[in-house]
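Chemist: Can you keep this structure in mind? I'll have questions shortly.
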Amino acid sequence: MSTQTIAGAAQASGQYTTEFPLECRDVGRTFLVGKGFFSEKKTLRAVQNISLKVRRGEVLAVVGESGCGKTTLAKMLLGLLQPSSGEIFMEGMPINEVDIRQIARHVQPVFQDPYSSLNPRKTIESIVSLPLKVHNIGDAESQRKRVEEVLEMCEMPKRLVHSYPSQLSGGQRQRVAIARALVMKPEILVCDEPTSALDVSVQAHILNLLQDLRDELNLTYVFISHNLAVVEHLADTVAVMYLGRLIEYGPKDQIFNDPKHPYTRALLDSFLTPDPTQDVPEIAMGRGFPNPLDPPTGCAFHPRCARVMDVCSKVRPEQTTVNGIKLECHLYPPATQQAAE
Amino acid sequence: MTTKQKVIDVQNLKVDIGVPAGTLHAVSGISFHVNQGETLCIVGESGCGKSITALALMNLLPKKAKLTADKMELQGANMLAMNEAQFNTLRGDRMSMIFQDPMTSLNPVYRVGDQMEEVYIQHGKGGRKEAHERAIFLLDKVGITAAKSRLIQFPHQLSGGLRQRIMIAMMLMCDPALIIADEPTTALDVTIQAQILNTLHSLQKEFNTAMILITHDLGVVARVADQVAVMYAGKFVETGTAMEVFTQPTHPYTQGLMACIPTPGKAALNGGRLGSIPGIVPSLVGDMEGCLFRNRCASIRPECEVGAEIAMNTLGEGRGYRCIMSVEECAKQAQVQILSEAS
């Protein structure tokens with residue numbers, strides 16, 4: 001058994017679980033933000049108390065508005081940021097015990113903007129083969145072969161290997177970004193809004209490609225998006241974030257058919273299906289996204305909530321489980337949890 | 001008001017841009033009109049000429065772009081004969097525009113109140129006091145609370161949604177006859193997008209303004225549009241009311257676009273695959289012949305390759321499509337495509 005890979009090391013230490021390649025236990029991350037040279041630094045809680053498990057082969061979608069901590073969470077899952085509290089486990093191993101190189105072999109990112117995430121002065125071949133060179137995998141010949149193989153998998157024409165990113169269209173660039181992520185044969189892809197910079201027709205290509213790759217390579221995706229249509233299409237499990245907290249987390253069908261948290265409901269209501277018989281929806285939600293440096297007391301969502309109660313502004317809701325969905329909302333107190341089960 | 005008044009009437013608008021390789025036909029012969037209180041949505045992929053059309057209407061095209069048209073009238077006034085000074089009196093007064101990115105379209109070094117009032121005073125609608133009152137009135141209309149304190153803030157102190165609301169209010173300062181909105185909600189979150197669209201839509205109905213909304217989001221189009229024009233490679237390939245275009249998409253491109261969007265329930269239907277349009281938008285440089293969509297079309301025929309451009313088949317008032325196939329053939333083709341994708 002090799003201890004070269006995380007899975008190997010985890011098996012050696014007896015912590016390996018086949019079911020959940022990625023797990024967060026009570027993960028939090030804070031940043032110190034200075035407003036000026038002399039003023040005191042403030043604590044920004046970007047992510048708070050997040051616990052989730054990613055099942056092997058599934059697509060976990062993380063949704064929420066900008067500034068809710070989605071990208072911070074993604075960076076922690078990639079091992080690029082250390083959590084300030086809680087622990088992340090990769091194949092059952094605590095992530096801070098794993099070498100960053102091995103994390104890179106295991107988890108790879110695909111970023112939002114294919115225009116800024118590729119080095120404009122390198123050819124496609126050198127962009128895609130760079131991870132292999134960094135990790136010293138194979139000789140030049142086998143690296144070249146692997147690059148060709150992975151580009152073909154991503155449906156990129158062979159003639160483009162010596163082109164530069166500026167010569168490619170947005171969709172092709174995103175394919176290159178996916179190819180670069182896959183060249184190390186990772187188990188997990190963390191996709192941070194991979195299609196939001198693309199046209200609908202190109203988005204459809206990329207989504208189909210991601211779907212095919214998943215079937216072919218048995219990949220696990222953590223898919224960060226604010227586009228609920230895409231989430232509905234791709235995800236198995238949905239995690240809704242608001243101001244750094246996980247407010248609703250469960251199987252996609254349940255969340256889309258019967259959203260429980262008022263915020264999830266508002267998100268789903270504001271999602272515009274192409275249906276000419278319907279009007280623009282009225283969103284019963286206050287306007288301002290709160291300042292994360294000075295979050296509201298109690299439930300962070302209460303100033304915008306349509307069903308706000310007295311208790312909401314005073315006490316932070318505890319996490320409860322209703323029909324397999326994890327929730328943080330006073331509408332579902334632990335008492336109804338027992339009633340529902 | 002008995003008959004609906006045409007606010008803007010454009011016939012055969014063309015925009016050519018000189019590039020080193022020849023002439024780029026950014027917009028090649030589009031015709032449309034928008035009535036008072038109605039919304040025309042122009043939808044298409046990036047690079048199809050949507051934004052150039054908007055800039056052409058506002059006379060904000062780059063210097064090297066050449067505009068020709070048979071007719072371009074705003075409330076009966078011939079825009080083709082106007083000089084820059086006359087356009088200056090139109091822009092912001094009779095027609096105003098709202099852009100995609102509210103950060104870059106507001107001046108960062110002026111307070112938002114000053115920027116809003118300037119439009120009003122510049123067009124001679126009244127003095128500073130009236131302008132101030134009008135600004136407060138409109139901020140209230142677009143749903144901004146504590147309008148007075150917002151007016152003395154700078155753009156960087158406001159969130160993206162608030163900035164876009166301020167842009168909408170600023171656009172309405174002089175009660176324009178025509179609003180041109182170029183992807184007004186693309187840069188915003190979904191929840192904010194719905195709110196902004198709602199504001200824009202209800203204010204447009206309230207002030208009985210004509211609106212041209214440019215977007216690539218078919219969800220937005222379906223909810224807001226009265227008339228829809230699907231644009232491809234500088235031409236309208238299909239036009240009609242929102243109901244017609246969404247329930248009976250006829251041109252293969254429109255059908256392709258509809259198949260591309262993930263909608264609830266679709267994942268289960270097609271084995272998790274979305275429909276897609278192969279290939280990319282053709283280069284618009286040089287002379288063009290035949291159908292410009294032919295390289296990406298599933299039902300290409302020899303006739304598509306050569307000859308003059310495909311003419312618009314008119315099916316009724318404002319309803320038409322640009323394809324050599326009949327409506328029945330197009331509908332049949334769509335069926336075949338869905339079947340082959342499902343298998």
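For the structure tokens, the naming scheme is as follows: chains receive sequential letters (A, B, ...) according to their order of presentation, residues are indexed from 1 within each chain, and ligands are indexed from 1 in presentation order.
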Residues of chain A were defined as contacting chain B if any atom lay at most 8 Å from it, counting only C-alpha atoms; please report them as number ranges by chain.

Modeler: A: 65-66, 199-205, 207-208, 211, 226-227, 229-230, 232-234, 266-267, 270-283, 287

Chemist: Could you write those residues out with N, CA and C atoms, as an mmCIF file, in the first residue's frame?

Modeler:
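Dumped to out-v5.cif:
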```cif
data_model
loop_
_atom_site.group_PDB
_atom_site.id
_atom_site.type_symbol
_atom_site.label_atom_id
_atom_site.label_comp_id
_atom_site.auth_asym_id
_atom_site.auth_seq_id
_atom_site.Cartn_x
_atom_site.Cartn_y
_atom_site.Cartn_z
ATOM 1 N N GLU A 65 -25.856 34.231 -1.458
ATOM 2 C CA GLU A 65 -25.537 35.498 -2.106
ATOM 3 C C GLU A 65 -24.045 35.786 -2.006
ATOM 4 N N SER A 66 -23.582 36.791 -2.766
ATOM 5 C CA SER A 66 -22.173 37.133 -2.645
ATOM 6 C C SER A 66 -21.908 37.643 -1.230
ATOM 7 N N ASP A 199 -21.819 32.323 -21.726
ATOM 8 C CA ASP A 199 -23.128 32.385 -22.368
ATOM 9 C C ASP A 199 -23.922 31.112 -22.117
ATOM 10 N N VAL A 200 -25.253 31.182 -22.256
ATOM 11 C CA VAL A 200 -26.065 29.991 -21.973
ATOM 12 C C VAL A 200 -25.698 28.787 -22.819
ATOM 13 N N SER A 201 -25.413 29.006 -24.105
ATOM 14 C CA SER A 201 -25.123 27.853 -24.962
ATOM 15 C C SER A 201 -23.802 27.217 -24.542
ATOM 16 N N VAL A 202 -22.847 28.055 -24.150
ATOM 17 C CA VAL A 202 -21.545 27.547 -23.715
ATOM 18 C C VAL A 202 -21.681 26.898 -22.339
ATOM 19 N N GLN A 203 -22.497 27.514 -21.502
ATOM 20 C CA GLN A 203 -22.754 26.950 -20.185
ATOM 21 C C GLN A 203 -23.304 25.533 -20.310
ATOM 22 N N ALA A 204 -24.212 25.327 -21.259
ATOM 23 C CA ALA A 204 -24.788 23.998 -21.459
ATOM 24 C C ALA A 204 -23.704 22.995 -21.822
ATOM 25 N N HIS A 205 -22.749 23.400 -22.696
ATOM 26 C CA HIS A 205 -21.638 22.512 -23.051
ATOM 27 C C HIS A 205 -20.841 22.125 -21.813
ATOM 28 N N LEU A 207 -21.636 22.251 -18.631
ATOM 29 C CA LEU A 207 -22.386 21.441 -17.675
ATOM 30 C C LEU A 207 -22.478 19.991 -18.147
ATOM 31 N N ASN A 208 -22.706 19.814 -19.456
ATOM 32 C CA ASN A 208 -22.737 18.451 -19.995
ATOM 33 C C ASN A 208 -21.391 17.765 -19.819
ATOM 34 N N GLN A 211 -20.856 16.722 -16.282
ATOM 35 C CA GLN A 211 -21.694 15.552 -16.036
ATOM 36 C C GLN A 211 -21.029 14.273 -16.580
ATOM 37 N N HIS A 226 -24.431 30.641 -7.549
ATOM 38 C CA HIS A 226 -25.635 31.350 -7.131
ATOM 39 C C HIS A 226 -26.744 31.147 -8.166
ATOM 40 N N ASN A 227 -26.438 30.370 -9.205
ATOM 41 C CA ASN A 227 -27.432 30.115 -10.234
ATOM 42 C C ASN A 227 -28.234 28.859 -9.866
ATOM 43 N N ALA A 229 -30.759 27.478 -11.218
ATOM 44 C CA ALA A 229 -31.113 26.587 -12.322
ATOM 45 C C ALA A 229 -30.023 25.545 -12.502
ATOM 46 N N VAL A 230 -28.790 26.000 -12.440
ATOM 47 C CA VAL A 230 -27.659 25.094 -12.605
ATOM 48 C C VAL A 230 -27.600 24.112 -11.436
ATOM 49 N N GLU A 232 -30.058 23.122 -9.538
ATOM 50 C CA GLU A 232 -31.165 22.181 -9.662
ATOM 51 C C GLU A 232 -30.797 21.081 -10.654
ATOM 52 N N HIS A 233 -30.105 21.479 -11.698
ATOM 53 C CA HIS A 233 -29.765 20.536 -12.755
ATOM 54 C C HIS A 233 -28.721 19.518 -12.315
ATOM 55 N N LEU A 234 -27.756 19.955 -11.519
ATOM 56 C CA LEU A 234 -26.563 19.147 -11.295
ATOM 57 C C LEU A 234 -26.501 18.491 -9.922
ATOM 58 N N ALA A 266 -37.102 32.387 -0.287
ATOM 59 C CA ALA A 266 -36.921 33.639 -1.034
ATOM 60 C C ALA A 266 -35.956 33.436 -2.195
ATOM 61 N N LEU A 267 -34.905 32.663 -1.969
ATOM 62 C CA LEU A 267 -33.948 32.382 -3.057
ATOM 63 C C LEU A 267 -34.650 31.679 -4.205
ATOM 64 N N SER A 270 -36.951 33.916 -6.195
ATOM 65 C CA SER A 270 -36.338 34.926 -7.064
ATOM 66 C C SER A 270 -35.669 34.294 -8.275
ATOM 67 N N PHE A 271 -35.736 32.986 -8.372
ATOM 68 C CA PHE A 271 -35.118 32.291 -9.493
ATOM 69 C C PHE A 271 -36.120 32.306 -10.656
ATOM 70 N N LEU A 272 -35.729 32.944 -11.770
ATOM 71 C CA LEU A 272 -36.661 33.188 -12.866
ATOM 72 C C LEU A 272 -36.620 32.045 -13.878
ATOM 73 N N THR A 273 -37.662 31.242 -13.890
ATOM 74 C CA THR A 273 -37.761 30.226 -14.929
ATOM 75 C C THR A 273 -38.288 30.889 -16.197
ATOM 76 N N PRO A 274 -37.871 30.415 -17.364
ATOM 77 C CA PRO A 274 -38.344 31.061 -18.595
ATOM 78 C C PRO A 274 -39.807 30.714 -18.885
ATOM 79 N N ASP A 275 -40.686 31.337 -18.162
ATOM 80 C CA ASP A 275 -42.104 31.046 -18.288
ATOM 81 C C ASP A 275 -42.843 32.357 -18.566
ATOM 82 N N PRO A 276 -43.257 32.575 -19.822
ATOM 83 C CA PRO A 276 -43.853 33.870 -20.164
ATOM 84 C C PRO A 276 -45.210 34.122 -19.508
ATOM 85 N N THR A 277 -45.822 33.097 -18.928
ATOM 86 C CA THR A 277 -47.119 33.332 -18.307
ATOM 87 C C THR A 277 -46.970 33.972 -16.930
ATOM 88 N N GLN A 278 -45.743 33.972 -16.408
ATOM 89 C CA GLN A 278 -45.564 34.523 -15.068
ATOM 90 C C GLN A 278 -44.924 35.897 -15.102
ATOM 91 N N ASP A 279 -45.175 36.627 -14.020
ATOM 92 C CA ASP A 279 -44.652 37.974 -13.900
ATOM 93 C C ASP A 279 -43.364 37.944 -13.085
ATOM 94 N N VAL A 280 -42.725 39.103 -12.969
ATOM 95 C CA VAL A 280 -41.554 39.179 -12.107
ATOM 96 C C VAL A 280 -42.022 38.972 -10.672
ATOM 97 N N PRO A 281 -41.389 38.074 -9.925
ATOM 98 C CA PRO A 281 -41.899 37.792 -8.578
ATOM 99 C C PRO A 281 -41.664 38.942 -7.604
ATOM 100 N N GLU A 282 -42.576 39.052 -6.647
ATOM 101 C CA GLU A 282 -42.390 39.980 -5.530
ATOM 102 C C GLU A 282 -41.575 39.240 -4.486
ATOM 103 N N ILE A 283 -40.447 39.767 -4.128
ATOM 104 C CA ILE A 283 -39.646 39.091 -3.125
ATOM 105 C C ILE A 283 -39.899 39.757 -1.783
ATOM 106 N N ARG A 287 -34.151 44.797 1.896
ATOM 107 C CA ARG A 287 -33.223 44.958 0.788
ATOM 108 C C ARG A 287 -31.784 44.662 1.128
#
```

Chemist: So which residues touch region 51-68 of chain B within 7 Å, counting only C-alpha atoms, skipping near sequence neighbours fewer than 5 positions away, as an MDAnalysis selection string?

Modeler: chainID B and resid 13:18 27 91 180 182

Chemist: Store the residues of this selection in a file with C-alpha atoms, as a PDB file, in the first residue's frame.

Modeler:
```
ATOM      1  CA  LEU B  13     -30.253  49.810 -38.942  1.00  0.00           C
ATOM      2  CA  LYS B  14     -26.702  48.874 -39.888  1.00  0.00           C
ATOM      3  CA  VAL B  15     -23.466  49.399 -38.028  1.00  0.00           C
ATOM      4  CA  ASP B  16     -20.196  48.692 -39.805  1.00  0.00           C
ATOM      5  CA  ILE B  17     -16.866  48.910 -38.055  1.00  0.00           C
ATOM      6  CA  GLY B  18     -13.604  49.185 -39.949  1.00  0.00           C
ATOM      7  CA  VAL B  27     -25.360  45.063 -36.882  1.00  0.00           C
ATOM      8  CA  ARG B  91     -29.757  61.819 -24.034  1.00  0.00           C
ATOM      9  CA  ILE B 180     -32.520  51.394 -22.764  1.00  0.00           C
ATOM     10  CA  ASP B 182     -28.210  46.906 -21.186  1.00  0.00           C
TER      11      ASP B 182
END
```

Chemist: Step one, run DSSP on the backbone; step two, keep only residues of region 15-207 of chain B assigned to strand (DSSP E); then write them as a PyMOL selection string.

Modeler: chain B and resi 15-19+22-35+39-43+65-68+71-74+77-78+95-98+178-182

Chemist: Using only C-alpha atoms for the distances, tell me which of A:Pro114, A:Arg121, A:Leu130, A:Leu52 is nearest to Arg175 (chain A).

Modeler: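 Of A:Pro114, A:Arg121, A:Leu130, A:Leu52, the one nearest Arg175 (chain A), counting only C-alpha atoms, is A:Pro114.
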
Chemist: With only C-alpha atoms as the counted atoms, please give the residues lying no more than 9 Å from region 37-41 of chain B, apart from itself and same-chain residues fewer than 4 positions off, as a ChimeraX atom specification.

Modeler: /B:4,32-33,201,204-215,221,224-230,241-242

Chemist: With distances taken over only C-alpha atoms, which residue among A:Gly64, A:Gly170, A:Gly92, A:Gly69 lies nearest Gly8 (chain A)?

Modeler: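 Looking at the shortest contact to Gly8 (chain A), the residue is A:Gly92.
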
Chemist: Do you have the CA of Ile179 (chain B)-CA of Thr314 (chain B) distance handy?

Modeler: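 Separation between CA of Ile179 (chain B) and CA of Thr314 (chain B): 27.3 Å.
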
Chemist: May I have all residues of region 195-290 of chain A that DSSP, computed from the backbone, assigns to helix (DSSP H, G or I), given as a PDB file with C-alpha atoms, in the first residue's frame?

Modeler:
```
ATOM      1  CA  VAL A 200     -26.065  29.991 -21.973  1.00  0.00           C
ATOM      2  CA  SER A 201     -25.123  27.853 -24.962  1.00  0.00           C
ATOM      3  CA  VAL A 202     -21.545  27.547 -23.715  1.00  0.00           C
ATOM      4  CA  GLN A 203     -22.754  26.950 -20.185  1.00  0.00           C
ATOM      5  CA  ALA A 204     -24.788  23.998 -21.459  1.00  0.00           C
ATOM      6  CA  HIS A 205     -21.638  22.512 -23.051  1.00  0.00           C
ATOM      7  CA  ILE A 206     -19.621  22.875 -19.858  1.00  0.00           C
ATOM      8  CA  LEU A 207     -22.386  21.441 -17.675  1.00  0.00           C
ATOM      9  CA  ASN A 208     -22.737  18.451 -19.995  1.00  0.00           C
ATOM     10  CA  LEU A 209     -18.974  17.982 -19.907  1.00  0.00           C
ATOM     11  CA  LEU A 210     -18.891  18.083 -16.106  1.00  0.00           C
ATOM     12  CA  GLN A 211     -21.694  15.552 -16.036  1.00  0.00           C
ATOM     13  CA  ASP A 212     -19.875  13.200 -18.452  1.00  0.00           C
ATOM     14  CA  LEU A 213     -16.585  13.485 -16.578  1.00  0.00           C
ATOM     15  CA  ARG A 214     -18.315  12.672 -13.365  1.00  0.00           C
ATOM     16  CA  ASP A 215     -19.801   9.491 -14.807  1.00  0.00           C
ATOM     17  CA  GLU A 216     -16.545   8.523 -16.483  1.00  0.00           C
ATOM     18  CA  LEU A 217     -14.095   9.226 -13.652  1.00  0.00           C
ATOM     19  CA  LEU A 228     -30.230  27.952  -8.888  1.00  0.00           C
ATOM     20  CA  ALA A 229     -31.113  26.587 -12.322  1.00  0.00           C
ATOM     21  CA  VAL A 230     -27.659  25.094 -12.605  1.00  0.00           C
ATOM     22  CA  VAL A 231     -27.802  23.775  -9.042  1.00  0.00           C
ATOM     23  CA  GLU A 232     -31.165  22.181  -9.662  1.00  0.00           C
ATOM     24  CA  HIS A 233     -29.765  20.536 -12.755  1.00  0.00           C
ATOM     25  CA  LEU A 234     -26.563  19.147 -11.295  1.00  0.00           C
ATOM     26  CA  LYS A 252     -31.764  18.567  -3.451  1.00  0.00           C
ATOM     27  CA  ASP A 253     -35.257  17.308  -4.184  1.00  0.00           C
ATOM     28  CA  GLN A 254     -36.459  18.045  -0.699  1.00  0.00           C
ATOM     29  CA  ILE A 255     -34.943  21.519  -0.658  1.00  0.00           C
ATOM     30  CA  PHE A 256     -36.268  22.475  -4.081  1.00  0.00           C
ATOM     31  CA  ASN A 257     -39.739  21.021  -3.601  1.00  0.00           C
ATOM     32  CA  PRO A 262     -37.577  31.532   4.700  1.00  0.00           C
ATOM     33  CA  TYR A 263     -34.286  32.487   3.078  1.00  0.00           C
ATOM     34  CA  THR A 264     -34.215  29.361   0.928  1.00  0.00           C
ATOM     35  CA  ARG A 265     -37.793  30.072  -0.017  1.00  0.00           C
ATOM     36  CA  ALA A 266     -36.921  33.639  -1.034  1.00  0.00           C
ATOM     37  CA  LEU A 267     -33.948  32.382  -3.057  1.00  0.00           C
ATOM     38  CA  LEU A 268     -36.144  29.919  -4.905  1.00  0.00           C
ATOM     39  CA  ASP A 269     -38.820  32.542  -5.495  1.00  0.00           C
TER      40      ASP A 269
END
```
